[in-house]
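Inspection log for the structure reproduced underneath, given as structure tokens.
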Amino acid sequence: MTIPVRREQPLPDRSAGLAHHFDDLEQQHAAGSLGMWLFLVTEILFFGGLFAAYAIYRWQYPAAFAVASHEADLVMGTINTIVLIGSSLTMALAVHYAQLGNRKAVVAFLILTMVLGVAFLGIKGAEYHHKYLDNHFPGPDFVFPGPYAQQAELFFIFYFIMTGLHALHMVIGIGLLSTVAVLAWRGCYSSEHFAPVELAGLYWHFVDVVWIFLFPLLYLIDRHK
Amino acid sequence: MDNTMESESKIPEKRVDYLNVDHSLKSWLLTTDHKRIALLYLISITLFFFIGGIFAVMIRLELLTPSGNLVQAETYNRLFTMHGMMMIFFFLIPSIPAVLGNFLVPVMIGARDLAFPRLNLLSWYIFIIGGALAISAAVSGGVDTGWTFYTPYSSTYSNSHVIVMGLGIFIAGFSSILTGLNFMVTIHTMRAPGLTWFRLPLFIWAHYATSIIQILGTPVLAITIALVALERAFHVGIFDPALGGDPLLFQHLFWFYSHPAVYIMILPSLGVVSELIACFTRKRIFGYKVVAYSSIAIAVLGFLVWGHHMFVSGMSTYASLVFSILSFLVAVPSAIKVFNWTATLYKGSIVYDTPILYAFGFIGLFTMGGLTGLFLATLAIDVHVTDTYFVVAHFHYIMVGGALMGYLGGIHYWWPKITGRLYPEGWSKLAALLVFVGFNLTFFPQFILGYMGMPRRYYHYPPEFQALNVLSSAGASVLGVGYLIPVIYLLWSIKYGPAAGPNPFNAKGLEWQTQSPPITQNFETTPVVTEEAYDYSGEEGATVARS
Amino acid sequence: MWSELPLFPEQASSVAGRVDLLYFFLVAVAGIFSVLIFSLVFFFAIRYRRRPGNMAAARIHGSTVLEVLWTVIPLGLTMVMFGWGSLLFLRNARTPPGSFEIYVVAKQWMWKIQHPEGLREINELHVPTGMPVRLVMTSEDVIHSFYVPAFRVKQDVLPGRYTSMWFQPTRAGKYHLFCAEYCGNQHSAMGGWVYVMEPAEYEKWLSGGSTGESMATTGQGLFERLGCSSCHRSEGGGRGPSLEGLLGKKVQLDSGQAVVADESYIRESILNPRAKIVGGYQPLMPTFQGQVSEEQLLQLVAYLKSLKKAERSTTQ
């Protein structure tokens with residue numbers, strides 16, 4: 001017994017960026033959106049494992065982690081937080097103008113977002129450099145005066161891995177945005193089809209949110225004391 | 001329309017299909033067709049299976065005698081480690097999803113491809129890169145940490161290629177994540193008109209549940225491997241107590257993924273078995289909704305039980321109690337499936353084709369494997385048998401007696417669809433029998449060895465354990481033959497097998513409503529679904545067996 | 001090889017019989033369900049095979065009654081297994097009173113055992129029947145696991161901390177000791193024998209072998225040599241608290257937390273003094289990491305244990 005097949009509505013217009021395996025743009029958009037959200041879920045679990053390990057050690061060695069955290073550069077960290085939140089604003093604006101079909105504004109705001117992203121990375125690089133000069137880089141050259149040396153090294157291992165992983169995601173994000181910016185410049189998007197801008201925006205906001213968690217966890221332990 | 005006996009024609013029809021549409025190497029290596037990607041995976045994982053299998057052969061040869069004479073201790077430790085890592089990460093985890101899932105998920109739901117075809121191809125290349133790193137680690141001497149690479153041995157003491165192998169597994173993990181992501185999005189957004197959730201084949205439900213685990217669990221393994229690699233490379237103390245770390249933290253992070261991973265390995269197989277039983281009993285699966293929900297239940301509960309690998313690790317008594325009771329709970333949905341399959345056989349009209357023989361074998365061996373899992377969940381018994389051959393026997397019953405038999409059953413069932421050819425039924429039945437007999441002979445003695453106290457990962461063992469080890473190795477040789485025979489006749493069938501026709505088994509399911517092999521876009525026009533799944537009613541006298 | 005084909009381990013401890021009883025219960029349940037499923041599948045496969053007269057399957061969708069039945073029954077059985085297994089596990093986790101300690105240090109690839117009387121063994125452990133023995137264990141390098149199949153006990157041995165287990169041997173004899181956590185090259189050779197002796201024999205063995213002093217005495221020597229006694233004066237009033245009767249006592253830390261001063265606490269306080277400081281004292285104690293071996297740490301612990309019966313000072 002076969003299942004009846006029926007010819008459906010007129011073939012969809014394949015010119016507007018619709019991939020061959022989707023029936024319509026709506027389906028394509030739904031798939032892309034769900035795909036990006038699921039990908040972000042995997043990223044949450046990826047960082048999550050790291051955060052969990054950090055949380056356990058922090059709970060075990062509260063005094064040591066507080067002392068080590070005070071060595072993190074609060075000024076640079078705060079500037080970076082503002083820079084990154086700013087870049088999320090420019091990203092949101094890029095998506096907004098994509099919805100309106102304003103090609104030039106989209107490209108401008110994407111570029112602005114990338115500039116802010118690069119600024120973030122630059123400041124982070126300077127921070128790392130200072131830490132290196134202070135001998136706070138984990139490994140055989142690690143030096144930390146006082147009784148908490150061993151646990152402070154543990155703190156700094158997490159500091160570098162967590163911020164380093166975050167920075168890696170920023171670099172990937174900047175790469176992603178540059179691709180989208182080029183395609184936007186070439187006129188590939190319109191107010192009907194701008195999903196890639198939106199999805200890139202989702203990724204960028206996620207990277208921002210990770211930093212919003214990282215910053216207090218690493219920089220703000222016991223600062224009020 | 002009678003689409004039954006036309007399958008016996010010796011001359012295959014010259015129609016365009018996904019295989020002959022383009023023969024160039026480039027069309028294969030740059031394909032975005034999910035069916036071709038499935039075949040790329042098939043070739044790759046078969047290679048890894050035989051590499052892992054050769055390691056197994058050497059292990060069983062070494063264990064014929066109580067003291068080492070075939071290889072050195074160092075080599076033996078690398079052999080069992082590489083056997084485990086190859087089989088788990090490069091064979092079992094991809095196997096059904098990457099081969100059968102990739103091929104069938106779009107076809108079963110009436111779609112032209114997966115949601116992200118290019119991502120699918122990327123996942124295969126990622127898998128190959130990870131696999132290449134693993135092979136290079138193997139060739140340069142391998143790793144000797146056990147597939148569980150516990151710290152501080154793996155992070156500080158081992159003198160083997162931990163980082164390279166870890167990198168290989170890390171990269172291959174992304175292949176698994178992307179496959180799961182692709183399936184989940186596809187199942188959510190690309191079902192054909194009329195194909196509601198509860199009309200889906202149970203194969204799809206199984207892959208959906210598997211995708212949940214792939215997406216949520218694999219990233220945690222990734223970060224754990226990364227931390228071990230960093231610890232090793234920079235001599236920092238994340239998990240090494242000598243440097244301030246906690247080795248138990250490693251175990252928690254590791255098992256948080258690696259327990260759900262075993263459900264990645266078994267859930268797809270459970271889905272295959274449902275398909276096989278439905279077709280060859282000519283009946284809807286008994287308790288369809290319950291079976292569908294049980295897959296999701298296994299996926300969810302599977303995330304809550306990881307501590308049962310750590311009952312004697314130094315973990316708290318309280319935590320042990322919690323993990324024990326949850327481990328018993330996760331067994332129940334699996335039991336429910338077995339009962340539902342058995343009930344499906346009642347008043348069925350059963351055909352003894354090779355695929356259902358694998359399904360029968362699966363039911364028996366999976367039941368035994370699952371029941372022995374209860375021993376391990378029982379705290380007081382686990383203290384005695386953990387880290388012994390009892391555990392080795394338990395997981396091989398599930399992985400080999402279960403997952404692998406399901407995989408083979410599925411390969412045989414859908415082979416005509418994938419290749420358009422039929423394989424010789426006599427040989428396939430013989431191979432199935434050899435696998436079943438060989439398997440039991442190999443692994444049942446190991447339960448006894450385990451309770452007697454033979455620890456696992458042992459190169460030397462006390463002489464009183466020899467008899468059972470010899471039995472086990474004898475079984476392994478039978479098992480090995482059972483695995484080699486299908487390779488031969490399946491390859492043979494590609495060129496010389498009779499043409500299969502679109503539906504040699506007269507099965508329900510959208511995949512059988514299109515030609516064999518399918519055209520690249522699977523269907524000429526999108527099907528519309530109006531029936532429930534497995535609606536075999538009113539089929540008086542339809543021919544099923546083709547031999 | 002085939003003349004003796006042992007299929008079941010000996011029972012040589014007080015818990016072995018109970019563990020085996022639970023095991024047989026599970027074997028019975030597993031056996032019954034396996035036979036049930038195998039038989040049903042076999043029977044149905046034959047009875048309902050496709051042949052003229054059975055060319056169409058019956059249309060059966062399911063049965064809520066059956067679903068409930070075969071959910072509830074397995075659930076019930078598994079809960080029985082859980083309950084029984086947990087009770088036995090909890091019982092086995094609590095060290096019975098009257099046990100005496102033996103200290104174990106594992107390293108790649110040997111077991112170093114110290115009796116409190118001072119006797120040392122490598123890869124062998126002599127114990128008497130009829131008395132509970134508590135092993136306090138640590139590793140010098142990687143994770144190992146102390147496993148005696150005849151006793152049905154196993155416990156991982158970790159670097160950087162103490163784990164413990166107890167058993168009470170019931171039958172004299174010689175039983176396998178295995179390392180059960182993969183630890184590298186000679187993992188499978190890292191074993192030996194547990195010799196269980198009747199109490200009289202055991203006393204003879206103890207007195208026969210030892211020439212040295214007890215662990216507590218050695219520990220006391222270390223305590224003085226390393227300068228511990230200068231701050232931790234037995235009469236109190238020093239820079240550090242008196243350690244008389246400390247072991248097993250609950251102490252109040254400066255963080256407000258209260259912990260039990262067990263062996264692990266002692267070890268940690270010697271190697272990482274700032275981790276847990278008793279309330280009312282300054283963080284002055286230097287670390288002795290690198291200056292004491294695991295065995296010496298155990299000797300210090302044994303010494304502090306011997307102060308249990310001494311009078312408690314009232315510096316708190």
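All residue names refer to the structure tokens as shown: chains lettered A, B, ... in order, residues numbered from 1 in each chain, ligands numbered from 1 in order.
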Report task. Compile the contact shell of region 143-160 of chain C as a ChimeraX atom specification: residues with an atom at most 8 Å away, counting only C-alpha atoms, same-chain residues fewer than 5 positions apart removed. Result -> /B:151-153,241-242,312-314,383-384,452-453 /C:9-16,19,106-107,137-138,165,167,169,175-183,194
Query raised in the report: In region 12-229 of chain C, what's alpha helix (DSSP H) per DSSP? Answer as a ChimeraX atom specification?
Result: /C:16-47,64-93,199-209,215-225,228-229
Query - Residue contacts of Val209 (chain A) (10 Å, only C-alpha atoms) excluding same-chain residues fewer than 6 positions away, as a VMD selection string - result: chain A and resid 84 to 85 88 203
Report task. For each of B:Thr419, B:Thr189, B:Thr367, B:Thr372, take the minimum atom-to-atom distance to Ile494 (chain B), counting only C-alpha atoms, then give the residue where this is smallest. Result ->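 Between B:Thr419, B:Thr189, B:Thr367, B:Thr372, the residue approaching Ile494 (chain B) most closely is B:Thr419.
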Report task. Please report as a PyMOL selection string which residues of chain C come no farther than 6 Å from chain B, using only C-alpha atoms. Result -> chain C and resi 1+8-9+30+44+48-50+54-58+61-62+78+82+85-86+88-89+142+149+152-156+160+180+185+188
